[in-house]
Amino acid sequence: MRAFPLMSLLLAGAALAAAPIPPAAAQDAPAARQQTLTAQATRLGAVDVTATPRADGGVTINGRLDGNQFALAFPKGWSGDGLLYAHGYSTPGTPVAVSPDPVDKGPGTGALGEAYRQGYAVGHSAYAKAGLGVEAGTKATARLRDLLAQMGGKRIYAMGDSMGGGIVVTLLERYPTAFAGGFARCGVVASWQDILGRLIDMRLAYAVLTRGTPYALPGNADVRRDAVSPLPPAGTPDAAAQAYVFGQIAKVGMPPLALWTAAQKDPNGREARIVRAVTEIGGFDYDAASLAYPLVTAALGAEDMAATAGGWFHGNVGKTYRASSLSAEENAALNRDIQRVTAAPRALAYLREWRTATGRIGAPLVTIHNRIDSLVPYAQEAMLAAAVAKAGRTAKLTQFTVPATRAPLPIGGIEGYTHCGFDKTQTLAAWNALRGWVEQGRKPDATLR
């Protein structure tokens, strides 16, 4: 698939060239500034553009670029720095809209709000699709970057969480001069083929080990199909659509959590051994969230993943599965009964492009990851470090590792390891470390203070 050409987004012709936003001293009343921003964004290809004054003298603009909703907030007296956020994976069927206010209701554990108070324009874009969206998110964020640059942006950073963290790495590799730096939290920063393979293997093993029990997943047992469809009926309003998706998540998530609950009653019993086997096969810790989150993702996203990749994306023909909690006979039965599937070469090629990291990052990159994460294993960080070292770019990478955190799961009331379990202090320390690195040229050490 052809790479998305960042610079081809620049609009030709002097008539379409946008002047930078005037300095604060030269600006007219707030209403005039809103008109200026609206006119600039419209000339540069945005549609349905509206501008809203902020109480602090800044302006937020909302609109659509290439069909995708976006929001940008400009502080009063903006000097050209910017921070753009790429969101993470959302279950297929989830509405694709993003918050119209990236400051007060923005994502990133307060990072966008902090950057805004530091004088940065901040914003984010919706993607063309829910589900697996590395390609869609990369293109949407790159398009928003070009808009901001043409409106006067000079030093623009990218930040993202989970799938969005992988999008940040992709942006720094594909567009090496477009961003001043990148900040990836809890990201699939190295290999989507690896993470999807882990999730599918867990669903395959879980299906065999829970067959005929109350803990089996509902619906379709073919790993290449969604267990139940996460897609709401056509025409469902966004609020109702989100509620529908949550309901389907609960429907698939409750059986693994029931298995976990039963396992706690007898640490050496059959249920505990199944949980240990399934999480071990995926490379996760023995934990409720580390069991449920991967299974829900695989069971509700399989069809979207295959459709996005252009074919089935994981093969296990000839693979031998083994779990230390199972007897030799049980391991043999697992390998005898497990569904065998073949990956399509086209799908594997797609996952290499969108995305297996090359390590050829073109700007400073800061990552932060919990040592134990219930959906994106820390192994992604080790794989990224190896790829960056192989490419000779280690000088451009700083990786912060923070302890695991635990919290109640959204369903079931059971506590488990978090995914992206960072507090505001950790997040802002990492963000400010990146800023200092770019502005002062001194690479930070890998310790958060």
# chains A, B, ... in the order shown; residues from 1 in each chain; ligands from 1
>>> select_by_dssp(residues="stretch 70-246 of chain A", states="strand (DSSP E)", output="ChimeraX atom specification")
/A:70-74,81-86,121-125,155-161,181-185
>>> select_by_dssp(residues="stretch 12-250 of chain A", states="helix (DSSP H, G or I)", output="VMD selection string")
chain A and resid 14 to 16 24 to 26 30 to 43 111 to 117 134 to 150 163 to 174 192 to 209 238 to 250
>>> closest_residue(among="A:Met383, A:Ala227, A:Leu209, A:Ala121", to="A:Pro75", atoms="only C-alpha atoms")
A:Ala121
>>> residues_around(residues="stretch 404-413 of chain A", least_positions_apart="3", cutoff="6 Å", atoms="only C-alpha atoms", output="list in words")
Asn370, Arg371, Ile372, Gly416, Tyr417, Thr418 and Gly421 of chain A
>>> write_last_selection(atoms="all heavy atoms", output="PDB file, in the first residue's frame")
ATOM      1  N   ASN A 370       3.863   0.569  31.695  1.00  0.00           N
ATOM      2  CA  ASN A 370       3.850  -0.169  32.950  1.00  0.00           C
ATOM      3  C   ASN A 370       4.602  -1.485  32.772  1.00  0.00           C
ATOM      4  O   ASN A 370       4.486  -2.130  31.729  1.00  0.00           O
ATOM      5  CB  ASN A 370       2.423  -0.469  33.400  1.00  0.00           C
ATOM      6  CG  ASN A 370       1.631   0.774  33.738  1.00  0.00           C
ATOM      7  OD1 ASN A 370       0.720   1.143  32.995  1.00  0.00           O
ATOM      8  ND2 ASN A 370       1.954   1.425  34.831  1.00  0.00           N
ATOM      9  N   ARG A 371       5.343  -1.886  33.792  1.00  0.00           N
ATOM     10  CA  ARG A 371       6.092  -3.146  33.714  1.00  0.00           C
ATOM     11  C   ARG A 371       5.151  -4.315  33.441  1.00  0.00           C
ATOM     12  O   ARG A 371       5.507  -5.262  32.737  1.00  0.00           O
ATOM     13  CB  ARG A 371       6.878  -3.359  35.012  1.00  0.00           C
ATOM     14  CG  ARG A 371       7.603  -4.685  35.090  1.00  0.00           C
ATOM     15  CD  ARG A 371       8.609  -4.867  33.977  1.00  0.00           C
ATOM     16  NE  ARG A 371       9.766  -4.004  34.114  1.00  0.00           N
ATOM     17  CZ  ARG A 371      10.784  -3.994  33.277  1.00  0.00           C
ATOM     18  NH1 ARG A 371      10.753  -4.776  32.196  1.00  0.00           N
ATOM     19  NH2 ARG A 371      11.810  -3.187  33.460  1.00  0.00           N
ATOM     20  N   ILE A 372       3.951  -4.267  33.998  1.00  0.00           N
ATOM     21  CA  ILE A 372       2.920  -5.257  33.681  1.00  0.00           C
ATOM     22  C   ILE A 372       1.718  -4.497  33.131  1.00  0.00           C
ATOM     23  O   ILE A 372       1.222  -3.571  33.759  1.00  0.00           O
ATOM     24  CB  ILE A 372       2.498  -6.066  34.922  1.00  0.00           C
ATOM     25  CG1 ILE A 372       3.697  -6.818  35.504  1.00  0.00           C
ATOM     26  CG2 ILE A 372       1.387  -7.051  34.570  1.00  0.00           C
ATOM     27  CD1 ILE A 372       3.390  -7.520  36.827  1.00  0.00           C
ATOM     28  N   GLY A 416      -7.941  -5.839  38.633  1.00  0.00           N
ATOM     29  CA  GLY A 416      -6.913  -6.430  37.785  1.00  0.00           C
ATOM     30  C   GLY A 416      -5.890  -5.393  37.393  1.00  0.00           C
ATOM     31  O   GLY A 416      -6.026  -4.194  37.685  1.00  0.00           O
ATOM     32  N   TYR A 417      -4.833  -5.836  36.722  1.00  0.00           N
ATOM     33  CA  TYR A 417      -3.821  -4.913  36.221  1.00  0.00           C
ATOM     34  C   TYR A 417      -4.439  -3.966  35.192  1.00  0.00           C
ATOM     35  O   TYR A 417      -5.311  -4.360  34.407  1.00  0.00           O
ATOM     36  CB  TYR A 417      -2.661  -5.673  35.579  1.00  0.00           C
ATOM     37  CG  TYR A 417      -1.756  -6.362  36.569  1.00  0.00           C
ATOM     38  CD1 TYR A 417      -1.614  -7.745  36.566  1.00  0.00           C
ATOM     39  CD2 TYR A 417      -1.049  -5.623  37.521  1.00  0.00           C
ATOM     40  CE1 TYR A 417      -0.781  -8.380  37.478  1.00  0.00           C
ATOM     41  CE2 TYR A 417      -0.222  -6.256  38.437  1.00  0.00           C
ATOM     42  CZ  TYR A 417      -0.089  -7.630  38.407  1.00  0.00           C
ATOM     43  OH  TYR A 417       0.731  -8.257  39.314  1.00  0.00           O
ATOM     44  N   THR A 418      -3.995  -2.741  35.203  1.00  0.00           N
ATOM     45  CA  THR A 418      -4.520  -1.749  34.269  1.00  0.00           C
ATOM     46  C   THR A 418      -3.791  -1.821  32.929  1.00  0.00           C
ATOM     47  O   THR A 418      -2.701  -2.376  32.811  1.00  0.00           O
ATOM     48  CB  THR A 418      -4.358  -0.335  34.834  1.00  0.00           C
ATOM     49  OG1 THR A 418      -2.969  -0.100  35.097  1.00  0.00           O
ATOM     50  CG2 THR A 418      -5.155  -0.156  36.108  1.00  0.00           C
ATOM     51  N   GLY A 421      -1.800   2.435  32.857  1.00  0.00           N
ATOM     52  CA  GLY A 421      -2.059   2.842  34.231  1.00  0.00           C
ATOM     53  C   GLY A 421      -1.118   3.917  34.727  1.00  0.00           C
ATOM     54  O   GLY A 421      -0.306   3.680  35.631  1.00  0.00           O
TER      55      GLY A 421
END
>>> residues_around(residues="A:Ala323", least_positions_apart="2", cutoff="7 Å", atoms="only C-alpha atoms", output="JSON, numbers by chain")
{"A": [277, 280, 281, 321, 325, 326, 331]}
>>> write_last_selection(atoms="N, CA, C and O atoms", output="PDB file, in the first residue's frame")
ATOM      1  N   ALA A 277      -3.015 -21.281  32.039  1.00  0.00           N
ATOM      2  CA  ALA A 277      -2.633 -21.750  30.713  1.00  0.00           C
ATOM      3  C   ALA A 277      -2.905 -20.691  29.644  1.00  0.00           C
ATOM      4  O   ALA A 277      -2.050 -20.406  28.790  1.00  0.00           O
ATOM      5  N   GLU A 280      -0.621 -17.631  30.069  1.00  0.00           N
ATOM      6  CA  GLU A 280       0.761 -17.990  29.724  1.00  0.00           C
ATOM      7  C   GLU A 280       0.939 -18.101  28.222  1.00  0.00           C
ATOM      8  O   GLU A 280       1.948 -17.637  27.672  1.00  0.00           O
ATOM      9  N   ILE A 281      -0.016 -18.687  27.533  1.00  0.00           N
ATOM     10  CA  ILE A 281       0.073 -18.819  26.074  1.00  0.00           C
ATOM     11  C   ILE A 281       0.125 -17.446  25.408  1.00  0.00           C
ATOM     12  O   ILE A 281       0.810 -17.250  24.395  1.00  0.00           O
ATOM     13  N   TYR A 321       1.455 -25.765  21.137  1.00  0.00           N
ATOM     14  CA  TYR A 321       1.096 -24.975  22.316  1.00  0.00           C
ATOM     15  C   TYR A 321       1.446 -25.784  23.569  1.00  0.00           C
ATOM     16  O   TYR A 321       1.234 -27.001  23.623  1.00  0.00           O
ATOM     17  N   SER A 325       0.867 -25.125  33.426  1.00  0.00           N
ATOM     18  CA  SER A 325      -0.171 -25.527  34.382  1.00  0.00           C
ATOM     19  C   SER A 325      -0.943 -26.759  33.930  1.00  0.00           C
ATOM     20  O   SER A 325      -1.745 -27.310  34.691  1.00  0.00           O
ATOM     21  N   LEU A 326      -0.729 -27.208  32.700  1.00  0.00           N
ATOM     22  CA  LEU A 326      -1.433 -28.371  32.166  1.00  0.00           C
ATOM     23  C   LEU A 326      -0.531 -29.597  32.193  1.00  0.00           C
ATOM     24  O   LEU A 326       0.694 -29.489  32.043  1.00  0.00           O
ATOM     25  N   ASN A 331      -1.909 -30.961  27.560  1.00  0.00           N
ATOM     26  CA  ASN A 331      -1.248 -30.230  26.481  1.00  0.00           C
ATOM     27  C   ASN A 331      -1.423 -30.943  25.151  1.00  0.00           C
ATOM     28  O   ASN A 331      -1.636 -30.300  24.110  1.00  0.00           O
TER      29      ASN A 331
END
>>> residues_around(residues="stretch 169-186 of chain A", least_positions_apart="2", cutoff="6 Å", atoms="only C-alpha atoms", output="ChimeraX atom specification")
/A:155-162,165-167,360-369,420
>>> write_last_selection(atoms="N, CA and C atoms", output="CSV table (one decimal), in the first residue's frame")
chain,number,residue,atom,x,y,z
A,155,ARG,N,6.9,23.9,15.6
A,155,ARG,CA,7.4,22.8,16.4
A,155,ARG,C,6.2,22.0,16.9
A,156,ILE,N,5.9,20.9,16.2
A,156,ILE,CA,4.7,20.1,16.5
A,156,ILE,C,5.1,18.7,16.9
A,157,TYR,N,4.5,18.3,18.1
A,157,TYR,CA,4.8,17.0,18.7
A,157,TYR,C,3.6,16.1,18.4
A,158,ALA,N,3.8,14.8,18.5
A,158,ALA,CA,2.7,13.8,18.4
A,158,ALA,C,2.7,13.0,19.7
A,159,MET,N,1.6,12.7,20.2
A,159,MET,CA,1.4,11.9,21.4
A,159,MET,C,0.3,10.9,21.2
A,160,GLY,N,0.4,9.7,21.8
A,160,GLY,CA,-0.7,8.7,21.6
A,160,GLY,C,-0.6,7.6,22.7
A,161,ASP,N,-1.7,7.0,22.9
A,161,ASP,CA,-1.9,5.9,23.9
A,161,ASP,C,-2.3,4.6,23.2
A,162,SER,N,-1.7,3.5,23.6
A,162,SER,CA,-2.1,2.2,23.2
A,162,SER,C,-1.9,2.1,21.7
A,165,GLY,N,-0.1,5.0,20.6
A,165,GLY,CA,1.4,5.0,20.8
A,165,GLY,C,2.1,4.4,19.6
A,166,GLY,N,1.5,3.4,19.0
A,166,GLY,CA,2.1,2.8,17.8
A,166,GLY,C,1.9,3.8,16.6
A,167,ILE,N,0.9,4.6,16.6
A,167,ILE,CA,0.7,5.6,15.5
A,167,ILE,C,1.8,6.6,15.7
A,360,ARG,N,13.6,3.3,12.5
A,360,ARG,CA,14.2,4.5,11.8
A,360,ARG,C,13.4,5.7,12.2
A,361,ILE,N,13.3,6.0,13.5
A,361,ILE,CA,12.6,7.2,14.0
A,361,ILE,C,13.4,8.5,13.6
A,362,GLY,N,12.7,9.5,13.2
A,362,GLY,CA,13.4,10.7,12.7
A,362,GLY,C,13.4,11.8,13.7
A,363,ALA,N,12.9,11.6,14.9
A,363,ALA,CA,12.9,12.7,15.9
A,363,ALA,C,12.9,12.0,17.3
A,364,PRO,N,13.3,12.8,18.3
A,364,PRO,CA,13.3,12.2,19.7
A,364,PRO,C,11.9,11.5,20.0
A,365,LEU,N,12.0,10.4,20.6
A,365,LEU,CA,10.8,9.6,21.0
A,365,LEU,C,11.0,9.2,22.5
A,366,VAL,N,9.9,9.6,23.3
A,366,VAL,CA,9.8,9.1,24.7
A,366,VAL,C,8.7,8.2,24.8
A,367,THR,N,8.9,7.0,25.4
A,367,THR,CA,7.8,6.1,25.6
A,367,THR,C,7.7,5.9,27.1
A,368,ILE,N,6.5,5.5,27.6
A,368,ILE,CA,6.3,5.1,29.0
A,368,ILE,C,5.4,3.9,29.0
A,369,HIS,N,5.7,2.9,29.8
A,369,HIS,CA,5.0,1.7,29.8
A,369,HIS,C,5.0,1.1,31.2
A,420,CYS,N,-2.4,1.0,30.4
A,420,CYS,CA,-2.1,2.5,30.5
A,420,CYS,C,-2.4,3.0,31.8
>>> residues_around(residues="A:Leu147", least_positions_apart="5", cutoff="9 Å", atoms="only C-alpha atoms", output="PyMOL selection string")
chain A and resi 9-10+41+44-46+65+142+152-153
>>> residues_around(residues="A:Tyr350", least_positions_apart="3", cutoff="9 Å", atoms="only C-alpha atoms", output="PDB file with all heavy atoms, in the first residue's frame")
ATOM      1  N   MET A   1       0.848  -1.193   0.000  1.00  0.00           N
ATOM      2  CA  MET A   1       0.000   0.000   0.000  1.00  0.00           C
ATOM      3  C   MET A   1       0.884   1.243   0.000  1.00  0.00           C
ATOM      4  O   MET A   1       1.878   1.324   0.692  1.00  0.00           O
ATOM      5  CB  MET A   1      -0.915  -0.002   1.222  1.00  0.00           C
ATOM      6  CG  MET A   1      -1.888   1.146   1.253  1.00  0.00           C
ATOM      7  SD  MET A   1      -3.084   0.974   2.588  1.00  0.00           S
ATOM      8  CE  MET A   1      -3.929  -0.510   2.062  1.00  0.00           C
ATOM      9  N   THR A 308      -9.666  -5.216   7.689  1.00  0.00           N
ATOM     10  CA  THR A 308      -8.701  -4.131   7.560  1.00  0.00           C
ATOM     11  C   THR A 308      -7.405  -4.612   6.928  1.00  0.00           C
ATOM     12  O   THR A 308      -6.814  -3.926   6.082  1.00  0.00           O
ATOM     13  CB  THR A 308      -8.411  -3.519   8.947  1.00  0.00           C
ATOM     14  OG1 THR A 308      -9.639  -3.070   9.523  1.00  0.00           O
ATOM     15  CG2 THR A 308      -7.450  -2.347   8.843  1.00  0.00           C
ATOM     16  N   ALA A 309      -6.954  -5.802   7.322  1.00  0.00           N
ATOM     17  CA  ALA A 309      -5.690  -6.339   6.812  1.00  0.00           C
ATOM     18  C   ALA A 309      -5.826  -6.952   5.428  1.00  0.00           C
ATOM     19  O   ALA A 309      -4.811  -7.245   4.778  1.00  0.00           O
ATOM     20  CB  ALA A 309      -5.147  -7.381   7.782  1.00  0.00           C
ATOM     21  N   GLY A 310      -7.041  -7.164   4.964  1.00  0.00           N
ATOM     22  CA  GLY A 310      -7.236  -7.752   3.648  1.00  0.00           C
ATOM     23  C   GLY A 310      -7.168  -9.263   3.648  1.00  0.00           C
ATOM     24  O   GLY A 310      -6.928  -9.872   2.597  1.00  0.00           O
ATOM     25  N   PHE A 313      -5.012 -13.007   9.377  1.00  0.00           N
ATOM     26  CA  PHE A 313      -3.697 -12.434   9.680  1.00  0.00           C
ATOM     27  C   PHE A 313      -2.847 -13.258  10.647  1.00  0.00           C
ATOM     28  O   PHE A 313      -1.758 -12.842  11.026  1.00  0.00           O
ATOM     29  CB  PHE A 313      -3.895 -11.035  10.285  1.00  0.00           C
ATOM     30  CG  PHE A 313      -4.910 -11.032  11.405  1.00  0.00           C
ATOM     31  CD1 PHE A 313      -4.541 -11.301  12.706  1.00  0.00           C
ATOM     32  CD2 PHE A 313      -6.254 -10.809  11.130  1.00  0.00           C
ATOM     33  CE1 PHE A 313      -5.473 -11.328  13.723  1.00  0.00           C
ATOM     34  CE2 PHE A 313      -7.200 -10.838  12.153  1.00  0.00           C
ATOM     35  CZ  PHE A 313      -6.806 -11.093  13.450  1.00  0.00           C
ATOM     36  N   PRO A 345      -0.915 -14.206   2.981  1.00  0.00           N
ATOM     37  CA  PRO A 345       0.287 -13.378   2.778  1.00  0.00           C
ATOM     38  C   PRO A 345      -0.027 -11.892   2.666  1.00  0.00           C
ATOM     39  O   PRO A 345       0.719 -11.049   3.171  1.00  0.00           O
ATOM     40  CB  PRO A 345       0.881 -13.934   1.483  1.00  0.00           C
ATOM     41  CG  PRO A 345       0.417 -15.360   1.435  1.00  0.00           C
ATOM     42  CD  PRO A 345      -0.963 -15.337   2.038  1.00  0.00           C
ATOM     43  N   ARG A 346      -1.142 -11.566   2.031  1.00  0.00           N
ATOM     44  CA  ARG A 346      -1.517 -10.158   1.880  1.00  0.00           C
ATOM     45  C   ARG A 346      -1.754  -9.511   3.237  1.00  0.00           C
ATOM     46  O   ARG A 346      -1.367  -8.365   3.466  1.00  0.00           O
ATOM     47  CB  ARG A 346      -2.774 -10.067   1.022  1.00  0.00           C
ATOM     48  CG  ARG A 346      -3.316  -8.655   0.857  1.00  0.00           C
ATOM     49  CD  ARG A 346      -4.611  -8.667   0.063  1.00  0.00           C
ATOM     50  NE  ARG A 346      -5.199  -7.338  -0.037  1.00  0.00           N
ATOM     51  CZ  ARG A 346      -6.389  -7.086  -0.572  1.00  0.00           C
ATOM     52  NH1 ARG A 346      -7.109  -8.093  -1.063  1.00  0.00           N
ATOM     53  NH2 ARG A 346      -6.862  -5.860  -0.616  1.00  0.00           N
ATOM     54  N   ALA A 347      -2.380 -10.251   4.154  1.00  0.00           N
ATOM     55  CA  ALA A 347      -2.655  -9.704   5.480  1.00  0.00           C
ATOM     56  C   ALA A 347      -1.369  -9.520   6.272  1.00  0.00           C
ATOM     57  O   ALA A 347      -1.204  -8.518   6.983  1.00  0.00           O
ATOM     58  CB  ALA A 347      -3.613 -10.620   6.229  1.00  0.00           C
ATOM     59  N   GLU A 353       3.372  -3.358   7.131  1.00  0.00           N
ATOM     60  CA  GLU A 353       3.343  -1.935   6.767  1.00  0.00           C
ATOM     61  C   GLU A 353       2.652  -1.102   7.826  1.00  0.00           C
ATOM     62  O   GLU A 353       3.075   0.011   8.131  1.00  0.00           O
ATOM     63  CB  GLU A 353       2.645  -1.757   5.414  1.00  0.00           C
ATOM     64  CG  GLU A 353       2.643  -0.310   4.942  1.00  0.00           C
ATOM     65  CD  GLU A 353       2.114  -0.124   3.532  1.00  0.00           C
ATOM     66  OE1 GLU A 353       1.671  -1.115   2.917  1.00  0.00           O
ATOM     67  OE2 GLU A 353       2.149   1.027   3.043  1.00  0.00           O
ATOM     68  N   TRP A 354       1.580  -1.652   8.441  1.00  0.00           N
ATOM     69  CA  TRP A 354       0.763  -0.882   9.397  1.00  0.00           C
ATOM     70  C   TRP A 354       0.536  -1.662  10.684  1.00  0.00           C
ATOM     71  O   TRP A 354      -0.608  -1.951  10.974  1.00  0.00           O
ATOM     72  CB  TRP A 354      -0.583  -0.514   8.775  1.00  0.00           C
ATOM     73  CG  TRP A 354      -0.505   0.299   7.548  1.00  0.00           C
ATOM     74  CD1 TRP A 354      -0.656  -0.117   6.264  1.00  0.00           C
ATOM     75  CD2 TRP A 354      -0.260   1.706   7.477  1.00  0.00           C
ATOM     76  NE1 TRP A 354      -0.523   0.922   5.401  1.00  0.00           N
ATOM     77  CE2 TRP A 354      -0.274   2.067   6.111  1.00  0.00           C
ATOM     78  CE3 TRP A 354      -0.022   2.696   8.441  1.00  0.00           C
ATOM     79  CZ2 TRP A 354      -0.076   3.374   5.684  1.00  0.00           C
ATOM     80  CZ3 TRP A 354       0.178   3.994   8.010  1.00  0.00           C
ATOM     81  CH2 TRP A 354       0.143   4.318   6.647  1.00  0.00           C
ATOM     82  N   ARG A 355       1.468  -2.158  11.609  1.00  0.00           N
ATOM     83  CA  ARG A 355       2.775  -1.599  11.494  1.00  0.00           C
ATOM     84  C   ARG A 355       3.743  -2.483  12.250  1.00  0.00           C
ATOM     85  O   ARG A 355       3.494  -2.889  13.369  1.00  0.00           O
ATOM     86  CB  ARG A 355       2.768  -0.182  12.071  1.00  0.00           C
ATOM     87  CG  ARG A 355       4.074   0.566  11.984  1.00  0.00           C
ATOM     88  CD  ARG A 355       4.505   0.837  10.574  1.00  0.00           C
ATOM     89  NE  ARG A 355       5.657   1.774  10.493  1.00  0.00           N
ATOM     90  CZ  ARG A 355       6.421   1.884   9.420  1.00  0.00           C
ATOM     91  NH1 ARG A 355       6.168   1.135   8.371  1.00  0.00           N
ATOM     92  NH2 ARG A 355       7.420   2.722   9.400  1.00  0.00           N
TER      93      ARG A 355
END
>>> closest_residue(among="A:Ser99, A:Thr213, A:Asn68, A:Thr60", to="A:Val47", atoms="only C-alpha atoms")
A:Asn68
>>> decode(residues="stretch 364-375 of chain A", atoms="C-alpha atoms", output="compact mmCIF listing (two decimals), in the first residue's frame")
# COMPACT_ATOMS: atom_id res chain seq x y z
CA PRO A 364 13.28 12.19 19.68
CA LEU A 365 10.84 9.61 21.03
CA VAL A 366 9.84 9.14 24.66
CA THR A 367 7.83 6.08 25.64
CA ILE A 368 6.27 5.12 28.97
CA HIS A 369 4.96 1.67 29.83
CA ASN A 370 3.85 -0.17 32.95
CA ARG A 371 6.09 -3.15 33.71
CA ILE A 372 2.92 -5.26 33.68
CA ASP A 373 0.13 -4.23 31.29
CA SER A 374 -3.09 -6.19 30.88
CA LEU A 375 -3.48 -5.64 27.12
